[in-house]
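Colleague: Coordinates in target.cif, mmCIF, C-alpha atoms and all ligand atoms, are listed below.
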```cif
data_my_file
#
loop_
_atom_site.label_atom_id
_atom_site.label_comp_id
_atom_site.auth_asym_id
_atom_site.auth_seq_id
_atom_site.Cartn_x
_atom_site.Cartn_y
_atom_site.Cartn_z
CA MET A 1 20.43 -18.46 209.02
CA THR A 2 23.95 -17.15 208.56
CA GLU A 3 24.53 -13.61 209.75
CA ILE A 4 27.12 -11.59 207.85
CA TYR A 5 28.98 -8.56 209.17
CA LEU A 6 28.65 -5.86 206.52
CA ASN A 7 29.83 -2.28 207.06
CA GLY A 8 29.02 -2.08 210.76
CA ASP A 9 25.81 -4.14 210.81
CA PHE A 10 24.95 -7.80 211.07
CA VAL A 11 22.60 -8.78 208.25
CA LEU A 12 21.11 -12.04 207.08
CA GLU A 13 23.00 -13.77 204.27
CA SER A 14 20.10 -13.13 201.85
CA GLU A 15 20.33 -9.39 202.58
CA ALA A 16 24.12 -9.09 202.52
CA LYS A 17 24.50 -7.17 199.25
CA ILE A 18 27.10 -4.77 197.93
CA SER A 19 27.01 -2.17 195.16
CA VAL A 20 27.91 -3.00 191.55
CA TYR A 21 30.13 0.12 191.80
CA ASP A 22 32.26 -1.44 194.55
CA HIS A 23 35.87 -1.33 193.38
CA GLY A 24 36.49 -4.74 194.93
CA LEU A 25 34.24 -6.06 192.16
CA LEU A 26 35.14 -3.62 189.38
CA TYR A 27 38.92 -3.69 189.83
CA GLY A 28 39.82 -6.36 192.40
CA ASP A 29 40.85 -3.40 194.55
CA GLY A 30 40.86 -4.77 198.07
CA VAL A 31 42.35 -7.31 200.44
CA PHE A 32 41.16 -10.39 202.29
CA GLU A 33 41.95 -13.12 204.80
CA GLY A 34 40.92 -16.74 205.18
CA ILE A 35 40.90 -17.90 208.81
CA ARG A 36 39.94 -21.18 210.48
CA ALA A 37 38.20 -21.93 213.75
CA TYR A 38 38.68 -25.25 215.50
CA SER A 39 36.94 -26.48 218.64
CA LYS A 40 35.37 -23.05 219.42
CA ARG A 41 38.68 -21.18 219.02
CA ILE A 42 40.00 -19.00 216.21
CA PHE A 43 43.45 -20.15 215.17
CA LYS A 44 46.15 -17.44 214.83
CA LEU A 45 43.57 -14.61 214.85
CA LYS A 46 46.15 -11.92 215.67
CA GLU A 47 48.46 -13.08 212.85
CA HIS A 48 45.61 -12.95 210.32
CA VAL A 49 44.46 -9.50 211.46
CA ASP A 50 48.06 -8.25 211.34
CA ARG A 51 48.48 -9.57 207.79
CA LEU A 52 45.16 -8.03 206.72
CA TYR A 53 46.35 -4.61 207.94
CA GLU A 54 49.75 -5.08 206.25
CA SER A 55 48.07 -5.95 202.94
CA ALA A 56 45.79 -2.91 203.32
CA ASN A 57 48.68 -0.62 204.23
CA THR A 58 50.64 -1.77 201.17
CA ILE A 59 47.79 -0.68 198.89
CA SER A 60 47.14 2.53 200.92
CA LEU A 61 43.74 1.34 202.08
CA ASN A 62 42.74 2.63 205.53
CA ILE A 63 40.62 0.11 207.39
CA PRO A 64 38.07 2.16 209.34
CA MET A 65 38.64 0.53 212.73
CA SER A 66 41.49 -0.54 214.98
CA LYS A 67 42.99 -4.02 214.80
CA ASP A 68 41.50 -4.79 218.21
CA GLU A 69 38.03 -3.73 217.11
CA PHE A 70 38.39 -5.78 213.94
CA ALA A 71 39.44 -8.88 215.87
CA LYS A 72 36.43 -8.42 218.20
CA LYS A 73 34.08 -8.16 215.21
CA ILE A 74 35.48 -11.43 213.83
CA VAL A 75 34.87 -13.15 217.18
CA GLU A 76 31.36 -11.68 217.37
CA THR A 77 30.54 -12.88 213.84
CA CYS A 78 31.61 -16.40 214.82
CA ARG A 79 29.57 -16.24 218.03
CA ARG A 80 26.42 -15.07 216.25
CA ASN A 81 26.75 -18.02 213.87
CA ASN A 82 27.32 -20.56 216.68
CA MET A 83 30.65 -21.54 215.22
CA VAL A 84 32.49 -24.57 216.55
CA ASP A 85 34.69 -25.54 213.57
CA GLY A 86 34.60 -23.36 210.50
CA TYR A 87 36.08 -20.99 207.99
CA ILE A 88 36.04 -17.21 208.26
CA ARG A 89 36.39 -14.95 205.24
CA VAL A 90 37.28 -11.32 205.86
CA VAL A 91 37.15 -8.87 202.95
CA VAL A 92 38.01 -5.17 202.90
CA SER A 93 37.52 -3.54 199.53
CA ARG A 94 38.21 0.02 198.40
CA GLY A 95 34.46 0.58 198.56
CA VAL A 96 31.90 2.19 196.30
CA GLY A 97 33.24 4.53 193.62
CA ASP A 98 32.34 5.29 190.04
CA LEU A 99 33.26 3.45 186.85
CA GLY A 100 36.68 5.12 186.75
CA LEU A 101 39.73 3.40 188.18
CA SER A 102 40.57 6.10 190.70
CA PRO A 103 40.57 4.77 194.27
CA PHE A 104 40.32 8.36 195.50
CA ARG A 105 36.66 8.58 194.53
CA CYS A 106 35.82 5.69 196.84
CA LYS A 107 34.70 7.35 200.04
CA LYS A 108 34.59 4.40 202.44
CA PRO A 109 36.01 0.86 202.39
CA THR A 110 33.54 -2.02 202.33
CA VAL A 111 34.10 -4.41 205.25
CA ILE A 112 32.69 -7.95 205.14
CA ILE A 113 33.09 -10.83 207.63
CA ILE A 114 31.59 -14.23 206.80
CA ALA A 115 31.76 -17.13 209.27
CA LYS A 116 30.59 -20.44 207.81
CA SER A 117 30.69 -24.02 208.92
CA ILE A 118 32.81 -26.23 206.71
CA LYS A 119 33.48 -29.90 206.58
CA LEU A 120 37.05 -30.60 207.60
CA TYR A 121 38.54 -32.35 204.64
CA SER A 122 41.76 -34.19 204.30
CA ASN A 123 43.41 -35.85 201.35
CA GLU A 124 45.41 -38.58 203.02
CA ASN A 125 46.41 -40.08 199.65
CA GLY A 126 48.32 -36.98 198.57
CA LEU A 127 48.09 -34.50 195.71
CA LYS A 128 49.31 -34.54 192.12
CA LEU A 129 50.93 -31.29 190.99
CA ILE A 130 52.08 -29.90 187.68
CA THR A 131 54.47 -27.00 187.20
CA THR A 132 52.39 -24.31 185.57
CA SER A 133 53.65 -22.24 182.65
CA VAL A 134 52.27 -19.17 184.48
CA ARG A 135 54.97 -17.53 186.59
CA ARG A 136 54.05 -16.20 190.02
CA ASN A 137 53.61 -12.41 190.04
CA PRO A 138 57.09 -10.96 190.56
CA PRO A 139 57.41 -8.40 193.39
CA GLN A 140 58.58 -5.86 190.77
CA CYS A 141 54.98 -5.95 189.43
CA LEU A 142 52.76 -6.91 192.35
CA SER A 143 53.98 -8.05 195.75
CA PRO A 144 52.81 -11.63 196.36
CA ASN A 145 52.69 -10.61 200.04
CA ILE A 146 49.53 -8.61 199.38
CA LYS A 147 46.59 -10.94 199.93
CA SER A 148 44.59 -9.03 197.37
CA LEU A 149 41.20 -9.55 195.77
CA ASN A 150 42.92 -10.19 192.44
CA TYR A 151 43.82 -13.88 192.28
CA LEU A 152 43.93 -14.20 188.48
CA ASN A 153 47.62 -15.12 188.50
CA ASN A 154 46.83 -18.01 190.87
CA ILE A 155 43.60 -18.94 189.06
CA LEU A 156 45.35 -19.21 185.67
CA GLY A 157 47.77 -21.72 187.18
CA ARG A 158 44.91 -23.65 188.76
CA ILE A 159 43.07 -23.81 185.40
CA GLU A 160 46.17 -25.24 183.76
CA ALA A 161 46.46 -27.83 186.55
CA HIS A 162 42.84 -28.85 185.97
CA GLN A 163 43.37 -29.07 182.20
CA ARG A 164 46.36 -31.33 182.81
CA ASN A 165 44.45 -33.57 185.26
CA ALA A 166 46.39 -32.44 188.32
CA ASP A 167 45.07 -31.33 191.71
CA GLU A 168 47.23 -28.25 192.05
CA ALA A 169 49.67 -25.98 190.26
CA LEU A 170 53.24 -25.39 191.33
CA PHE A 171 54.45 -21.90 190.39
CA LEU A 172 58.00 -20.88 189.63
CA ASP A 173 59.02 -17.30 190.25
CA ILE A 174 60.24 -15.06 187.44
CA ASP A 175 63.85 -16.31 187.96
CA GLY A 176 62.89 -19.98 187.76
CA TYR A 177 62.97 -20.78 191.48
CA VAL A 178 60.08 -22.70 193.02
CA SER A 179 57.65 -20.21 194.57
CA GLU A 180 54.39 -21.71 195.88
CA ALA A 181 51.10 -23.32 194.83
CA SER A 182 47.91 -21.44 193.88
CA ALA A 183 46.79 -20.95 197.48
CA ASP A 184 49.42 -22.77 199.54
CA ASN A 185 53.09 -22.54 200.42
CA VAL A 186 55.42 -25.38 199.50
CA PHE A 187 57.99 -27.46 201.43
CA TYR A 188 60.24 -30.36 200.46
CA VAL A 189 62.15 -32.86 202.57
CA LYS A 190 65.46 -34.42 201.53
CA GLU A 191 67.48 -36.64 203.86
CA GLY A 192 65.64 -35.24 206.86
CA LEU A 193 66.19 -31.56 205.97
CA ILE A 194 62.99 -29.54 205.49
CA THR A 195 63.22 -26.64 203.01
CA THR A 196 60.81 -23.87 202.00
CA PRO A 197 61.49 -20.82 199.82
CA PRO A 198 61.90 -17.30 201.23
CA THR A 199 58.74 -15.19 201.01
CA ALA A 200 59.80 -12.43 198.60
CA THR A 201 58.03 -14.31 195.80
CA ASN A 202 55.15 -15.93 197.68
CA LEU A 203 52.63 -15.19 200.41
CA LYS A 204 53.96 -15.03 203.97
CA GLY A 205 51.84 -17.99 204.95
CA ILE A 206 50.71 -18.25 208.55
CA THR A 207 50.58 -22.04 208.27
CA ARG A 208 54.10 -21.96 206.76
CA ALA A 209 55.41 -20.08 209.83
CA THR A 210 53.57 -22.47 212.16
CA VAL A 211 55.02 -25.50 210.35
CA LEU A 212 58.56 -24.12 210.62
CA GLU A 213 58.02 -23.79 214.40
CA ILE A 214 56.52 -27.28 214.71
CA ALA A 215 59.36 -28.83 212.68
CA LYS A 216 61.98 -27.19 214.89
CA LYS A 217 60.14 -28.30 218.03
CA LEU A 218 60.08 -31.87 216.73
CA GLY A 219 63.84 -31.68 216.23
CA TYR A 220 63.95 -31.58 212.41
CA ASP A 221 66.49 -29.43 210.57
CA THR A 222 64.80 -26.64 208.63
CA ARG A 223 66.09 -24.24 206.02
CA VAL A 224 64.59 -21.25 204.20
CA SER A 225 66.29 -21.22 200.84
CA HIS A 226 65.69 -20.81 197.11
CA PHE A 227 65.50 -24.08 195.22
CA ILE A 228 64.79 -25.25 191.69
CA LEU A 229 62.51 -27.81 190.08
CA SER A 230 65.07 -30.63 190.02
CA ASP A 231 65.41 -30.32 193.83
CA ILE A 232 61.72 -30.84 194.37
CA HIS A 233 61.41 -33.53 191.65
CA ASN A 234 64.05 -35.55 193.53
CA ALA A 235 62.75 -34.87 197.04
CA ASP A 236 61.93 -37.62 199.54
CA GLU A 237 58.74 -35.80 200.54
CA VAL A 238 56.81 -32.71 199.45
CA PHE A 239 53.89 -31.00 201.15
CA LEU A 240 51.77 -27.86 200.85
CA THR A 241 50.61 -25.65 203.71
CA GLY A 242 47.67 -23.27 203.98
CA THR A 243 44.88 -22.27 206.33
CA ALA A 244 42.22 -24.05 204.27
CA ALA A 245 44.34 -27.00 203.08
CA GLU A 246 46.26 -27.36 206.37
CA ILE A 247 49.16 -29.79 205.61
CA GLU A 248 48.65 -31.58 202.27
CA PRO A 249 51.12 -34.30 201.22
CA VAL A 250 52.19 -34.23 197.55
CA VAL A 251 52.88 -37.58 195.90
CA GLU A 252 53.52 -36.62 192.28
CA ILE A 253 54.91 -33.58 190.44
CA ASP A 254 55.03 -33.38 186.63
CA SER A 255 54.29 -37.13 186.40
CA LYS A 256 57.30 -37.91 188.60
CA LYS A 257 56.67 -39.86 191.76
CA ILE A 258 57.83 -38.14 194.95
CA GLY A 259 59.68 -40.59 197.22
CA ASP A 260 57.75 -43.85 197.20
CA GLY A 261 54.62 -42.14 195.88
CA LYS A 262 52.92 -42.13 199.27
CA PRO A 263 52.52 -39.32 201.85
CA GLY A 264 55.85 -38.97 203.63
CA LYS A 265 56.52 -39.90 207.25
CA ILE A 266 57.85 -36.48 208.28
CA THR A 267 54.91 -34.79 206.52
CA MET A 268 52.42 -36.93 208.43
CA ARG A 269 54.25 -36.36 211.73
CA ILE A 270 54.04 -32.58 211.20
CA LYS A 271 50.40 -32.88 210.15
CA GLU A 272 49.59 -34.76 213.35
CA GLU A 273 51.29 -32.10 215.48
CA TYR A 274 49.51 -29.33 213.54
CA LYS A 275 46.15 -30.97 214.28
CA LYS A 276 46.99 -31.04 217.99
CA LEU A 277 48.03 -27.39 217.95
CA VAL A 278 44.95 -26.06 216.10
CA ASN A 279 42.65 -27.94 218.45
CA SER A 280 44.32 -26.68 221.63
CA THR A 281 45.21 -23.03 220.97
CA GLY A 282 43.55 -19.89 219.61
CA THR A 283 41.23 -17.05 220.58
CA PRO A 284 38.12 -18.37 222.36
CA ILE A 285 34.85 -17.57 220.57
CA TYR A 286 32.73 -18.03 223.71
CA ASP A 287 33.60 -16.77 227.23
C1 LIG B 1 48.84 -17.55 197.37
C2 LIG B 1 48.79 -18.16 198.72
N1 LIG B 1 49.90 -18.72 199.22
C3 LIG B 1 49.93 -19.30 200.44
C4 LIG B 1 48.78 -19.34 201.22
C5 LIG B 1 48.82 -19.96 202.59
O1 LIG B 1 48.75 -18.95 203.58
P1 LIG B 1 48.15 -19.24 205.01
O2 LIG B 1 48.91 -20.37 205.57
O3 LIG B 1 48.39 -17.97 205.77
O4 LIG B 1 46.71 -19.55 204.84
C6 LIG B 1 47.60 -18.78 200.73
C7 LIG B 1 46.38 -18.85 201.53
O5 LIG B 1 45.76 -17.93 201.81
C8 LIG B 1 47.60 -18.17 199.45
O6 LIG B 1 46.49 -17.62 198.96
#
```
Would you mind writing the file's structure down as structure tokens?
Ligand SMILES: Cc1ncc(COP(=O)(O)O)c(C=O)c1O
Modeller:
Amino acid sequence: MTEIYLNGDFVLESEAKISVYDHGLLYGDGVFEGIRAYSKRIFKLKEHVDRLYESANTISLNIPMSKDEFAKKIVETCRRNNMVDGYIRVVVSRGVGDLGLSPFRCKKPTVIIIAKSIKLYSNENGLKLITTSVRRNPPQCLSPNIKSLNYLNNILGRIEAHQRNADEALFLDIDGYVSEASADNVFYVKEGLITTPPTATNLKGITRATVLEIAKKLGYDTRVSHFILSDIHNADEVFLTGTAAEIEPVVEIDSKKIGDGKPGKITMRIKEEYKKLVNSTGTPIYD
């Protein structure tokens, strides 16, 4: 039976319950992380914990333990669930309040860590994307760097993708530049040059940063730059990056074939290197 970390205790999944007055539920007031474990190691644990604390700090939410303690609790949750390969969900909400919006009536944040086994999936044939009519939240309204419990902006785009028979939604930012997908960062390759947008209008993806490092190590030219739809429509290769999705080739956007309509060579080379890295580095779960 899965054991969940909930507010200082480990409880069975069937007993892991939170209040209907939790502001994570009532207002989406909270932050989260999605982390992967491979071969008994947690990949980029420090980076995920750092981002969790940054998200929390941005919304003035004080996590009631140090980063070190938090990281240890994540490792312990994995250990108690005998994790080898899996997915870890960390949630910190504002906690239990009343029906009013005020975060100041919430006395204590709710802290949840779930470590579950997942099947490693891979879509080797590539994804079909549409550009959604929903624009990514502009930083003037809500920083896309906060990994918050409110994903409605992303979910609306994903619904539109589903309605238009696509696998994923590509979001533009409020100025019309390509931003990201609903839960992944985006890259395109043209004549060997690999480009991804700057992160003012999308999440500072940990996989994105890892891919930029891998690409440089493999000797590819990389660039962080704004770009527009016509750039990506005419790319040789496109791929998405994210902890859950890893490296996903994109073969079609807005009914236009990308390159030859098959996963690109550079994409697959980076994917191969990413697989090697995730299986050979990370924080050990067992001593
Ligand atoms: C909106 C959004 N963009 C990008 C990403 C990819 O980030 P990471 O590589 O850190 O998982 C995620 C995944 O959490 C996301 O939710």
Colleague: Atom CA of Ser117 of chain A and atom CA of Gly282 of chain A, how far apart in Å?
Modeller: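 Here the two named atoms are 17.2 Å from each other.
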Colleague: Looking at only C-alpha atoms and all ligand atoms, which of A:Val20, A:Leu61, A:Leu26, A:Ile35 is the one that sits closest to ligand LIG 1 (chain B)?
Modeller: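 Of A:Val20, A:Leu61, A:Leu26, A:Ile35, the one nearest ligand LIG 1 (chain B) is A:Ile35, counting only C-alpha atoms and all ligand atoms.
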Colleague: At a cut-off of 7 Å, can you tabulate as a Markdown table every residue of chain A near ligand LIG 1 (chain B) together with its closest atom pair and the distance in Å to one decimal, using only C-alpha atoms and all ligand atoms and ordering rows by chain then number?
Modeller:
```
| residue | atom | partner | partner_atom | distance |
| --- | --- | --- | --- | --- |
| A:Glu33 | CA | B:LIG1 | O5 | 6.8 |
| A:Gly34 | CA | B:LIG1 | O5 | 6.0 |
| A:Lys147 | CA | B:LIG1 | O6 | 6.8 |
| A:Asn154 | CA | B:LIG1 | C1 | 6.8 |
| A:Glu180 | CA | B:LIG1 | N1 | 6.3 |
| A:Ala181 | CA | B:LIG1 | N1 | 6.5 |
| A:Ser182 | CA | B:LIG1 | C1 | 5.3 |
| A:Ala183 | CA | B:LIG1 | C8 | 3.5 |
| A:Asp184 | CA | B:LIG1 | C3 | 3.6 |
| A:Asn185 | CA | B:LIG1 | C3 | 4.5 |
| A:Asn202 | CA | B:LIG1 | N1 | 6.1 |
| A:Leu203 | CA | B:LIG1 | N1 | 4.6 |
| A:Lys204 | CA | B:LIG1 | O1 | 6.5 |
| A:Gly205 | CA | B:LIG1 | O1 | 3.5 |
| A:Ile206 | CA | B:LIG1 | O3 | 3.6 |
| A:Thr207 | CA | B:LIG1 | O2 | 3.6 |
| A:Arg208 | CA | B:LIG1 | O2 | 5.6 |
| A:Thr241 | CA | B:LIG1 | O2 | 5.9 |
| A:Gly242 | CA | B:LIG1 | O2 | 3.5 |
| A:Thr243 | CA | B:LIG1 | O4 | 3.6 |
| A:Ala244 | CA | B:LIG1 | O4 | 6.4 |
```
Colleague: Hey, which of A:Ser179, A:Thr131, A:Thr201, A:Asn279 ends up closest to His233 of chain A? Count all atoms listed in the file.
Modeller: A:Thr131
Colleague: In Å, how far is it from atom CA of Arg105 of chain A to atom CA of Asn57 of chain A?
Modeller: 18.0 Å
Colleague: Fewer than 3 positions away in the same chain doesn't count, so skip those; otherwise give me all residues within 10 Å of Ile59 of chain A, counting only C-alpha atoms, as a list of chain:residue names.
Modeller: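 The filter keeps A:Asp29, A:Gly30, A:Val31, A:Tyr53, A:Glu54, A:Ser55, A:Ala56, A:Asn62, A:Arg94, A:Ile146, A:Ser148.
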Colleague: Counting all atoms listed in the file, which residue out of A:Lys46, A:Lys190, A:Arg136, A:Arg80 sits closest to Gly259 of chain A?
Modeller: A:Lys190
Colleague: So, counting only C-alpha atoms, which residue among A:Ile114, A:His226, A:Ile174, A:Leu218 is closest to Thr196 of chain A?
Modeller: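 Using only C-alpha atoms, Thr196 of chain A sits closest to A:His226.
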Colleague: Find the spatial neighbours of Phe10 of chain A, counting only C-alpha atoms, within a cut-off of 12 Å - ignore same-chain residues fewer than 2 positions away - and output them as a PyMOL selection string.
Modeller: chain A and resi 1-8+12-17+73-74+76-81+111-115
Colleague: Go through A:Tyr220, A:Phe171, A:Tyr87, A:Tyr188 one by one, measure the shortest atom-to-atom distance of each to Arg41 of chain A using only C-alpha atoms, and give the residue with the smallest value.
Modeller: A:Tyr87
Colleague: What would segment 242-276 of chain A look like with N, CA and C atoms restored, written as a short mmCIF file (atom, residue, chain, number, x, y, z; two decimals), in the frame of the given file?
Modeller:
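Output saved as out_27.cif:
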```
data_model
loop_
_atom_site.label_atom_id
_atom_site.label_comp_id
_atom_site.auth_asym_id
_atom_site.auth_seq_id
_atom_site.Cartn_x
_atom_site.Cartn_y
_atom_site.Cartn_z
N GLY A 242 48.58 -24.40 204.11
CA GLY A 242 47.67 -23.27 203.98
C GLY A 242 46.56 -23.39 205.01
N THR A 243 45.94 -22.27 205.33
CA THR A 243 44.88 -22.27 206.33
C THR A 243 43.77 -23.25 205.95
N ALA A 244 43.32 -23.18 204.69
CA ALA A 244 42.22 -24.05 204.27
C ALA A 244 42.72 -25.49 204.09
N ALA A 245 43.84 -25.66 203.41
CA ALA A 245 44.34 -27.00 203.08
C ALA A 245 45.05 -27.67 204.25
N GLU A 246 45.46 -26.90 205.22
CA GLU A 246 46.26 -27.36 206.37
C GLU A 246 47.60 -27.91 205.85
N ILE A 247 47.90 -29.20 206.11
CA ILE A 247 49.16 -29.79 205.61
C ILE A 247 48.74 -30.86 204.59
N GLU A 248 49.07 -30.64 203.33
CA GLU A 248 48.65 -31.58 202.27
C GLU A 248 49.88 -32.28 201.69
N PRO A 249 50.00 -33.60 201.85
CA PRO A 249 51.12 -34.30 201.22
C PRO A 249 51.00 -34.26 199.70
N VAL A 250 52.13 -34.19 199.02
CA VAL A 250 52.19 -34.23 197.55
C VAL A 250 52.89 -35.51 197.17
N VAL A 251 52.30 -36.28 196.25
CA VAL A 251 52.88 -37.58 195.90
C VAL A 251 53.40 -37.65 194.46
N GLU A 252 53.06 -36.62 193.68
CA GLU A 252 53.52 -36.62 192.28
C GLU A 252 53.66 -35.18 191.78
N ILE A 253 54.76 -34.90 191.08
CA ILE A 253 54.91 -33.58 190.44
C ILE A 253 55.39 -33.82 189.01
N ASP A 254 54.68 -33.26 188.05
CA ASP A 254 55.03 -33.38 186.63
C ASP A 254 55.21 -34.85 186.24
N SER A 255 54.29 -35.69 186.67
CA SER A 255 54.29 -37.13 186.40
C SER A 255 55.47 -37.88 187.03
N LYS A 256 56.22 -37.21 187.90
CA LYS A 256 57.30 -37.91 188.60
C LYS A 256 56.83 -38.21 190.02
N LYS A 257 57.05 -39.45 190.42
CA LYS A 257 56.67 -39.86 191.76
C LYS A 257 57.59 -39.19 192.78
N ILE A 258 57.01 -38.70 193.87
CA ILE A 258 57.83 -38.14 194.95
C ILE A 258 58.07 -39.24 195.98
N GLY A 259 59.33 -39.50 196.28
CA GLY A 259 59.68 -40.59 197.22
C GLY A 259 59.10 -41.89 196.73
N ASP A 260 58.35 -42.57 197.61
CA ASP A 260 57.75 -43.85 197.20
C ASP A 260 56.33 -43.66 196.68
N GLY A 261 55.95 -42.41 196.44
CA GLY A 261 54.62 -42.14 195.88
C GLY A 261 53.51 -42.15 196.92
N LYS A 262 53.92 -42.17 198.18
CA LYS A 262 52.92 -42.13 199.27
C LYS A 262 53.24 -40.93 200.17
N PRO A 263 52.24 -40.43 200.92
CA PRO A 263 52.52 -39.32 201.85
C PRO A 263 53.71 -39.65 202.74
N GLY A 264 54.61 -38.70 202.90
CA GLY A 264 55.85 -38.97 203.63
C GLY A 264 55.65 -39.02 205.13
N LYS A 265 56.60 -39.70 205.79
CA LYS A 265 56.52 -39.90 207.25
C LYS A 265 56.66 -38.57 208.01
N ILE A 266 57.63 -37.76 207.58
CA ILE A 266 57.85 -36.48 208.28
C ILE A 266 56.64 -35.57 208.06
N THR A 267 56.12 -35.58 206.83
CA THR A 267 54.91 -34.79 206.52
C THR A 267 53.78 -35.17 207.46
N MET A 268 53.55 -36.47 207.62
CA MET A 268 52.42 -36.93 208.43
C MET A 268 52.65 -36.66 209.92
N ARG A 269 53.91 -36.68 210.33
CA ARG A 269 54.25 -36.36 211.73
C ARG A 269 53.94 -34.88 212.00
N ILE A 270 54.31 -34.03 211.05
CA ILE A 270 54.04 -32.58 211.20
C ILE A 270 52.54 -32.32 211.16
N LYS A 271 51.86 -33.04 210.28
CA LYS A 271 50.40 -32.88 210.15
C LYS A 271 49.70 -33.23 211.47
N GLU A 272 50.17 -34.31 212.08
CA GLU A 272 49.59 -34.76 213.35
C GLU A 272 49.77 -33.69 214.44
N GLU A 273 50.98 -33.13 214.48
CA GLU A 273 51.29 -32.10 215.48
C GLU A 273 50.49 -30.82 215.21
N TYR A 274 50.30 -30.52 213.92
CA TYR A 274 49.51 -29.33 213.54
C TYR A 274 48.08 -29.49 214.01
N LYS A 275 47.53 -30.68 213.83
CA LYS A 275 46.15 -30.97 214.28
C LYS A 275 46.00 -30.73 215.77
N LYS A 276 47.02 -31.22 216.53
CA LYS A 276 46.99 -31.04 217.99
C LYS A 276 47.01 -29.56 218.33
#
```
